[in-house]
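What's in final23.cif: mmCIF, C-alpha atoms
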```
data_data
loop_
_atom_site.label_atom_id
_atom_site.label_comp_id
_atom_site.auth_asym_id
_atom_site.auth_seq_id
_atom_site.Cartn_x
_atom_site.Cartn_y
_atom_site.Cartn_z
CA MET A 202 97.07 104.56 108.46
CA GLN A 203 95.46 103.34 111.64
CA THR A 204 95.09 99.60 112.04
CA THR A 205 93.43 97.23 114.44
CA SER A 206 94.59 93.86 115.79
CA THR A 207 91.08 92.38 115.77
CA ALA A 208 92.01 89.98 112.96
CA ALA A 209 94.73 88.38 115.04
CA ALA A 210 92.48 87.86 118.07
CA ALA A 211 89.40 86.39 116.40
CA PRO A 212 89.11 82.59 116.03
CA VAL A 213 89.14 81.05 112.57
CA THR A 214 85.89 79.37 111.55
CA SER A 215 85.02 76.90 108.81
CA GLN A 216 83.01 79.69 107.15
CA ASP A 217 86.22 81.71 106.91
CA ARG A 218 88.02 78.93 105.08
CA VAL A 219 85.09 78.31 102.76
CA ARG A 220 84.94 82.03 101.99
CA GLN A 221 88.64 82.23 101.26
CA VAL A 222 88.69 79.27 98.89
CA THR A 223 85.43 80.20 97.16
CA VAL A 224 86.50 83.80 96.57
CA LEU A 225 89.91 82.72 95.26
CA VAL A 226 88.49 80.15 92.83
CA GLY A 227 85.53 82.32 91.89
CA ALA A 228 87.81 85.27 91.16
CA ALA A 229 89.96 83.17 88.86
CA VAL A 230 86.89 81.93 86.97
CA ALA A 231 85.33 85.40 86.76
CA ILE A 232 88.51 87.10 85.55
CA ALA A 233 89.19 84.37 82.99
CA GLY A 234 85.58 84.49 81.80
CA ALA A 235 85.67 88.28 81.48
CA ALA A 236 88.92 88.14 79.52
CA VAL A 237 87.58 85.55 77.08
CA GLY A 238 84.22 87.27 76.73
CA SER A 239 85.77 90.66 76.04
CA GLY A 240 87.72 89.28 73.08
CA ALA A 241 91.14 89.34 74.73
CA PHE A 242 91.93 85.93 73.23
CA GLY A 243 90.12 86.42 69.94
CA GLY A 244 86.43 86.58 69.25
CA GLN A 245 84.20 89.63 69.22
CA PRO A 246 85.38 92.69 71.21
CA VAL A 247 82.78 94.32 73.45
CA ALA A 248 82.89 97.49 71.34
CA GLU A 249 81.63 95.51 68.34
CA ALA A 250 78.93 93.59 70.23
CA ALA A 251 75.28 94.66 70.40
CA GLY A 252 75.57 96.36 67.05
CA GLY A 253 78.33 98.65 68.27
CA ALA A 254 76.02 100.35 70.80
CA LEU A 255 78.86 100.51 73.33
CA SER A 256 81.64 101.59 71.01
CA ALA A 257 83.78 104.68 71.60
CA THR A 258 81.79 106.64 69.03
CA ALA A 259 78.27 105.42 69.80
CA THR A 260 77.22 108.47 71.87
CA PRO A 261 78.71 111.79 73.03
CA LEU A 262 79.19 110.19 76.47
CA ALA A 263 81.26 107.24 75.27
CA PRO A 264 84.88 107.29 76.56
CA ASP A 265 87.54 107.04 73.87
CA SER A 266 89.04 103.57 73.38
CA PRO A 267 92.27 104.05 75.44
CA ALA A 268 90.13 104.67 78.54
CA PHE A 269 89.36 100.97 78.77
CA SER A 270 92.99 100.12 79.49
CA ILE A 271 92.14 100.83 83.13
CA TRP A 272 90.60 97.37 83.23
CA SER A 273 94.10 95.85 83.23
CA VAL A 274 94.86 97.73 86.46
CA ILE A 275 91.52 96.81 88.03
CA TYR A 276 91.84 93.13 87.12
CA THR A 277 95.38 93.06 88.53
CA GLY A 278 94.07 94.54 91.77
CA LEU A 279 91.21 92.05 91.93
CA ALA A 280 93.63 89.15 91.39
CA LEU A 281 95.88 90.47 94.17
CA PHE A 282 92.87 90.89 96.44
CA ALA A 283 91.79 87.29 95.80
CA VAL A 284 95.25 86.03 96.73
CA VAL A 285 95.65 88.26 99.79
CA GLN A 286 92.24 87.37 101.24
CA ALA A 287 93.11 83.67 100.84
CA LEU A 288 96.25 83.89 102.99
CA PRO A 289 95.83 81.78 106.16
CA ARG A 290 96.71 84.67 108.46
CA ARG A 291 93.98 86.79 106.86
CA ALA A 292 91.14 84.36 107.51
CA THR A 293 89.68 86.43 110.35
CA ASP A 294 90.41 89.91 109.03
CA PRO A 295 87.15 91.79 109.80
CA ARG A 296 87.32 94.00 106.70
CA LEU A 297 87.88 90.99 104.45
CA ARG A 298 85.05 89.18 106.19
CA ALA A 299 82.84 92.19 105.46
CA VAL A 300 83.63 92.67 101.77
CA SER A 301 85.05 89.49 100.22
CA TRP A 302 81.70 88.02 99.17
CA TRP A 303 80.69 91.40 97.76
CA VAL A 304 83.93 91.66 95.78
CA LEU A 305 83.33 88.19 94.34
CA ALA A 306 79.78 89.22 93.44
CA SER A 307 81.15 92.27 91.64
CA MET A 308 83.53 90.14 89.58
CA LEU A 309 80.78 87.71 88.62
CA LEU A 310 78.50 90.61 87.68
CA ASN A 311 81.21 92.08 85.48
CA ALA A 312 81.57 88.76 83.68
CA LEU A 313 77.78 88.58 83.37
CA TRP A 314 77.72 92.11 81.90
CA ILE A 315 80.11 91.04 79.18
CA ALA A 316 78.01 87.95 78.46
CA VAL A 317 74.82 90.04 78.23
CA VAL A 318 76.45 92.52 75.85
CA GLN A 319 77.76 89.68 73.70
CA ALA A 320 74.20 88.37 73.58
CA GLY A 321 73.16 91.74 72.15
CA SER A 322 71.00 93.04 75.02
CA VAL A 323 71.80 96.69 75.73
CA LEU A 324 68.89 96.95 78.19
CA GLY A 325 70.15 93.88 80.01
CA SER A 326 73.60 95.44 80.23
CA VAL A 327 72.12 98.50 81.96
CA VAL A 328 70.39 96.33 84.55
CA VAL A 329 73.58 94.38 85.23
CA ILE A 330 75.90 97.39 85.43
CA LEU A 331 73.56 99.26 87.79
CA THR A 332 73.46 96.16 90.00
CA LEU A 333 77.25 96.06 89.84
CA LEU A 334 77.41 99.74 90.82
CA ALA A 335 75.14 99.07 93.82
CA VAL A 336 77.41 96.22 94.94
CA LEU A 337 80.49 98.43 94.65
CA ALA A 338 78.74 101.21 96.59
CA THR A 339 78.03 98.67 99.33
CA ILE A 340 81.72 97.79 99.43
CA LEU A 341 82.56 101.49 99.73
CA VAL A 342 80.22 101.89 102.70
CA ARG A 343 81.69 98.88 104.48
CA LEU A 344 85.30 99.88 103.89
CA VAL A 345 84.68 103.42 105.11
CA ARG A 346 82.96 102.25 108.29
CA LEU A 347 85.54 99.63 109.29
CA PRO A 348 89.05 100.49 110.57
CA HIS A 349 92.11 99.33 108.68
CA THR A 350 93.51 95.98 109.77
CA GLY A 351 96.94 96.00 108.15
CA ALA A 352 98.76 98.28 105.71
CA ALA A 353 99.28 95.88 102.80
CA THR A 354 95.86 94.25 103.00
CA SER A 355 94.09 97.58 103.40
CA TRP A 356 95.88 99.20 100.47
CA VAL A 357 95.18 96.30 98.13
CA THR A 358 91.53 96.22 99.16
CA ASP A 359 90.89 99.96 99.26
CA VAL A 360 92.75 100.98 96.11
CA THR A 361 91.24 98.18 94.06
CA ALA A 362 87.70 98.84 95.30
CA GLY A 363 88.11 102.57 94.74
CA LEU A 364 89.36 102.24 91.17
CA TYR A 365 86.64 99.71 90.39
CA LEU A 366 83.88 101.92 91.82
CA GLY A 367 85.11 105.04 90.06
CA TRP A 368 85.39 103.44 86.66
CA VAL A 369 82.05 101.62 86.87
CA SER A 370 80.39 104.89 87.90
CA VAL A 371 81.47 106.51 84.64
CA ALA A 372 80.80 103.34 82.64
CA SER A 373 77.25 103.19 84.05
CA LEU A 374 76.45 106.66 82.73
CA ALA A 375 77.92 105.80 79.34
CA ASN A 376 75.99 102.52 79.32
CA ILE A 377 72.68 104.26 80.05
CA ALA A 378 73.38 106.80 77.31
CA ALA A 379 74.11 103.94 74.92
CA PHE A 380 70.82 102.26 75.78
CA LEU A 381 68.84 105.47 75.27
CA ALA A 382 70.53 106.09 71.93
CA ASP A 383 69.96 102.49 70.87
CA ALA A 384 66.29 102.82 71.84
CA GLY A 385 65.98 106.00 69.81
CA VAL A 386 65.39 108.32 72.77
CA GLY A 387 68.95 109.41 73.42
CA GLU A 388 68.26 113.15 73.28
CA LEU A 389 65.20 113.11 75.60
CA GLY A 390 63.92 116.43 74.28
CA LEU A 391 67.02 118.37 75.32
CA GLY A 392 69.32 117.65 72.42
CA ALA A 393 72.39 115.41 72.57
CA THR A 394 74.74 118.16 73.72
CA ALA A 395 72.55 119.54 76.52
CA TRP A 396 71.64 116.08 77.77
CA SER A 397 75.31 115.05 77.80
CA VAL A 398 76.25 118.13 79.83
CA VAL A 399 73.52 117.32 82.37
CA VAL A 400 74.82 113.77 82.74
CA LEU A 401 78.41 114.99 83.13
CA ALA A 402 77.28 117.40 85.84
CA ALA A 403 75.62 114.44 87.58
CA ALA A 404 78.90 112.52 87.33
CA ALA A 405 80.75 115.39 88.98
CA ALA A 406 78.12 115.52 91.73
CA LEU A 407 78.47 111.78 92.27
CA ALA A 408 82.25 112.15 92.58
CA VAL A 409 81.75 114.84 95.22
CA ALA A 410 79.27 112.61 97.07
CA TYR A 411 81.81 109.77 97.19
CA ALA A 412 84.49 112.18 98.39
CA VAL A 413 82.34 113.62 101.17
CA PHE A 414 81.09 110.25 102.38
CA GLY A 415 84.56 108.66 102.34
CA ARG A 416 86.54 111.70 103.51
CA THR A 417 88.01 109.70 106.41
CA ARG A 418 89.11 106.92 104.08
CA PRO A 419 91.21 108.56 101.31
CA SER A 420 92.71 105.17 100.45
CA VAL A 421 89.34 104.36 98.85
CA VAL A 422 87.94 107.66 97.61
CA VAL A 423 91.14 109.06 96.08
CA PRO A 424 91.46 106.02 93.75
CA ALA A 425 87.72 106.32 93.02
CA GLY A 426 88.24 109.95 92.06
CA LEU A 427 91.24 109.07 89.92
CA ALA A 428 89.27 106.43 88.02
CA MET A 429 86.33 108.78 87.48
CA ALA A 430 88.68 111.55 86.36
CA TRP A 431 90.33 109.12 83.93
CA GLY A 432 87.05 108.03 82.38
CA LEU A 433 85.62 111.55 82.18
CA ALA A 434 88.80 112.93 80.64
CA TRP A 435 88.64 110.28 77.93
CA ILE A 436 85.05 111.28 77.21
CA GLY A 437 86.37 114.80 76.65
CA LEU A 438 89.24 113.61 74.49
CA GLY A 439 86.84 111.48 72.47
CA ARG A 440 84.78 114.57 71.65
CA THR A 441 87.80 116.51 70.41
CA ASN A 442 88.76 113.97 67.76
CA GLY A 443 87.18 111.15 65.78
CA SER A 444 83.69 111.01 64.33
CA VAL A 445 81.70 112.42 67.29
CA LEU A 446 82.95 115.98 67.81
CA ASP A 447 81.37 118.27 70.40
CA GLY A 448 83.34 121.08 72.01
CA THR A 449 80.70 121.80 74.63
CA VAL A 450 80.57 118.19 75.83
CA ALA A 451 84.37 118.02 75.79
CA THR A 452 84.64 121.10 78.01
CA ALA A 453 82.00 119.76 80.41
CA ALA A 454 83.79 116.41 80.57
CA PHE A 455 87.15 118.03 81.36
CA VAL A 456 85.57 120.14 84.11
CA ALA A 457 83.85 117.08 85.59
CA SER A 458 87.16 115.22 85.42
CA ALA A 459 88.90 117.96 87.38
CA VAL A 460 86.13 117.91 90.01
CA ALA A 461 86.42 114.13 90.37
CA LEU A 462 90.20 114.39 90.74
CA LEU A 463 90.24 117.20 93.29
CA ALA A 464 87.14 116.47 95.40
CA PRO A 465 88.53 113.51 97.40
CA VAL A 466 91.82 115.30 98.00
CA VAL A 467 90.06 118.40 99.33
CA THR A 468 87.64 116.49 101.56
CA ALA A 469 90.38 114.20 102.91
CA LEU A 470 92.63 117.16 103.78
CA ALA A 471 89.70 118.96 105.44
CA ALA A 472 88.85 115.85 107.48
CA ARG A 473 92.47 115.49 108.52
CA ARG A 474 92.65 119.07 109.76
CA ARG A 475 89.49 118.59 111.82
CA GLY A 476 90.83 115.35 113.24
#
```
Just give me the structure of the file as structure tokens.
Amino acid sequence: MQTTSTAAAAPVTSQDRVRQVTVLVGAAVAIAGAAVGSGAFGGQPVAEAAGGALSATATPLAPDSPAFSIWSVIYTGLALFAVVQALPRRATDPRLRAVSWWVLASMLLNALWIAVVQAGSVLGSVVVILTLLAVLATILVRLVRLPHTGAATSWVTDVTAGLYLGWVSVASLANIAAFLADAGVGELGLGATAWSVVVLAAAAALAVAYAVFGRTRPSVVVPAGLAMAWGLAWIGLGRTNGSVLDGTVATAAFVASAVALLAPVVTALAARRRG
């Protein structure tokens, strides 16, 4: 992993200190709010909110319940990121300067998504999660374009951002499908199975796009691929058992999962050979 010493040479500004404190406090509030809102400490779980529109059996594109355990890994990474970016010696890290506000925005949007779902607005949840996806895509672009500044900091930042992006990418597709089903237009003239296969093909294409764009930064795109593969595999598993069975969708989901898993590895190895 190549690193740069820019962080050590740049002067610390008051904006750096404000950013560090704000992101640390904001992250704590956002993570706590998301945990409470999701029902982790009692109350209504997200799967039961909005009339169950986002449950594991709501649509053929809904991941099975165990898929959501990835949030514990993502939240742990976000908490570590908040602490690392607040370290005094990391005040001038150029990558942290470039993405910290965006990471905080992503955490606040995630908490807002939970609040909107708890309020019963499936349409509102689509708007929020697509905004969240755009923020995470912005973080991807910035991390790919900036050189690493230190092994530990870069790994915490890149792996967390990659997992977060990959999971939200799959969750966005499932969220849109849930909205369409809730609005009574879930099949869109193709039939539930055909439409689901089309969406899964789009997910595989998106995974390839991430892998190609971030081929020089495997520390981001490999975790993104892993998270997408995880979510897509659980869509497939959800269609092989339970109340929403569909062998065709299951097969498509498993294929898309394999593509998401392999694409960043292939593109990173190809980029390394060329380099």
For this session: Taking the point (86.9, 115.1, 83.7) as given in the file, collect each protein or nucleic acid residue that comes within 8 Å of it, counting only C-alpha atoms, and present the set as an NGL selection string.
Result: :A and (429-437 or 453-462)
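Minimum atom-to-atom distance to A:Leu279, evaluated using only C-alpha atoms, belongs to A:Gly227 out of A:Pro212, A:Gly392, A:Pro419, A:Gly227.
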Problem set entry | Within 10 Å of stretch 295-300 of chain A using all atoms listed in the file, minus same-chain residues under 6 positions, as an MDAnalysis selection string | chainID A and resid 205:209 211 216:217 220:221 282 285:287 306 336:337 339:351 354:355 358 362
Produce a file of the selected residues containing C-alpha atoms, as a PDB file, in the frame of the given file.
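New file selection.pdb:
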```pdb
ATOM      1  CA  THR A 205      93.430  97.230 114.440  1.00  0.00           C
ATOM      2  CA  SER A 206      94.590  93.860 115.790  1.00  0.00           C
ATOM      3  CA  THR A 207      91.080  92.380 115.770  1.00  0.00           C
ATOM      4  CA  ALA A 208      92.010  89.980 112.960  1.00  0.00           C
ATOM      5  CA  ALA A 209      94.730  88.380 115.040  1.00  0.00           C
ATOM      6  CA  ALA A 211      89.400  86.390 116.400  1.00  0.00           C
ATOM      7  CA  GLN A 216      83.010  79.690 107.150  1.00  0.00           C
ATOM      8  CA  ASP A 217      86.220  81.710 106.910  1.00  0.00           C
ATOM      9  CA  ARG A 220      84.940  82.030 101.990  1.00  0.00           C
ATOM     10  CA  GLN A 221      88.640  82.230 101.260  1.00  0.00           C
ATOM     11  CA  PHE A 282      92.870  90.890  96.440  1.00  0.00           C
ATOM     12  CA  VAL A 285      95.650  88.260  99.790  1.00  0.00           C
ATOM     13  CA  GLN A 286      92.240  87.370 101.240  1.00  0.00           C
ATOM     14  CA  ALA A 287      93.110  83.670 100.840  1.00  0.00           C
ATOM     15  CA  ALA A 306      79.780  89.220  93.440  1.00  0.00           C
ATOM     16  CA  VAL A 336      77.410  96.220  94.940  1.00  0.00           C
ATOM     17  CA  LEU A 337      80.490  98.430  94.650  1.00  0.00           C
ATOM     18  CA  THR A 339      78.030  98.670  99.330  1.00  0.00           C
ATOM     19  CA  ILE A 340      81.720  97.790  99.430  1.00  0.00           C
ATOM     20  CA  LEU A 341      82.560 101.490  99.730  1.00  0.00           C
ATOM     21  CA  VAL A 342      80.220 101.890 102.700  1.00  0.00           C
ATOM     22  CA  ARG A 343      81.690  98.880 104.480  1.00  0.00           C
ATOM     23  CA  LEU A 344      85.300  99.880 103.890  1.00  0.00           C
ATOM     24  CA  VAL A 345      84.680 103.420 105.110  1.00  0.00           C
ATOM     25  CA  ARG A 346      82.960 102.250 108.290  1.00  0.00           C
ATOM     26  CA  LEU A 347      85.540  99.630 109.290  1.00  0.00           C
ATOM     27  CA  PRO A 348      89.050 100.490 110.570  1.00  0.00           C
ATOM     28  CA  HIS A 349      92.110  99.330 108.680  1.00  0.00           C
ATOM     29  CA  THR A 350      93.510  95.980 109.770  1.00  0.00           C
ATOM     30  CA  GLY A 351      96.940  96.000 108.150  1.00  0.00           C
ATOM     31  CA  THR A 354      95.860  94.250 103.000  1.00  0.00           C
ATOM     32  CA  SER A 355      94.090  97.580 103.400  1.00  0.00           C
ATOM     33  CA  THR A 358      91.530  96.220  99.160  1.00  0.00           C
ATOM     34  CA  ALA A 362      87.700  98.840  95.300  1.00  0.00           C
TER      35      ALA A 362
END
```
Test item: which residues lie within 8 Å of (84.6, 87.2, 86.7) counting all atoms listed in the file, as a PDB file with C-alpha atoms, in the frame of the given file:
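Written file, point00.pdb:
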```
ATOM      1  CA  GLY A 227      85.530  82.320  91.890  1.00  0.00           C
ATOM      2  CA  ALA A 228      87.810  85.270  91.160  1.00  0.00           C
ATOM      3  CA  ALA A 229      89.960  83.170  88.860  1.00  0.00           C
ATOM      4  CA  VAL A 230      86.890  81.930  86.970  1.00  0.00           C
ATOM      5  CA  ALA A 231      85.330  85.400  86.760  1.00  0.00           C
ATOM      6  CA  ILE A 232      88.510  87.100  85.550  1.00  0.00           C
ATOM      7  CA  ALA A 233      89.190  84.370  82.990  1.00  0.00           C
ATOM      8  CA  GLY A 234      85.580  84.490  81.800  1.00  0.00           C
ATOM      9  CA  ALA A 235      85.670  88.280  81.480  1.00  0.00           C
ATOM     10  CA  LEU A 305      83.330  88.190  94.340  1.00  0.00           C
ATOM     11  CA  SER A 307      81.150  92.270  91.640  1.00  0.00           C
ATOM     12  CA  MET A 308      83.530  90.140  89.580  1.00  0.00           C
ATOM     13  CA  LEU A 309      80.780  87.710  88.620  1.00  0.00           C
ATOM     14  CA  LEU A 310      78.500  90.610  87.680  1.00  0.00           C
ATOM     15  CA  ASN A 311      81.210  92.080  85.480  1.00  0.00           C
ATOM     16  CA  ALA A 312      81.570  88.760  83.680  1.00  0.00           C
ATOM     17  CA  LEU A 313      77.780  88.580  83.370  1.00  0.00           C
TER      18      LEU A 313
END
```
For this session: Please write the residues picked by the PyMOL selection byres ((chain A and resi 378-385) around 10) on this file as a PyMOL selection string.
Result: chain A and resi 251-256+259-263+322-327+372-377+386-389+393+396-397+400
Seminar exercise, completed: One residue among A:Val304, A:Ala425, A:Gly415, A:Ala316 is nearest to A:Gly238 when using all atoms listed in the file, and that residue is A:Ala316
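Closest to A:Thr258 among A:Ala469, A:Thr332, A:Gly439, A:Val450 is A:Gly439, based on all atoms listed in the file.
The two atoms in question, atom CA of A:Val329 and atom CA of A:Trp303, are spaced 14.7 Å apart.
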For this session: Pull out every residue that the PyMOL selection byres ((chain A and resi 412) around 8) matches in the shown coordinates and put them as a ChimeraX atom specification.
Result: /A:408-411,413-416,422-423,426,464-466,468-469
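Closest approach to A:Ser370 from the set A:Glu249, A:Thr452, A:Ala428, A:Arg440 is made by A:Ala428, with distances taken over all atoms listed in the file.
One distance worth recording is that between atom CA of A:Arg418 and atom CA of A:Val213, which is 27.2 Å.
Interatomic distance, atom CA of A:Arg474 to atom CA of A:Ala406: 23.4 Å.
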Seminar exercise, completed: Using all atoms listed in the file, the shortest atom-to-atom distance to A:Thr277 among A:Ala472, A:Leu438, A:Val360, A:Leu463 belongs to A:Val360
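If all atoms listed in the file are the atoms counted, then among A:Ser266, A:Thr394, A:Ser215, A:Ser444 the closest residue to A:Thr293 is A:Ser215.
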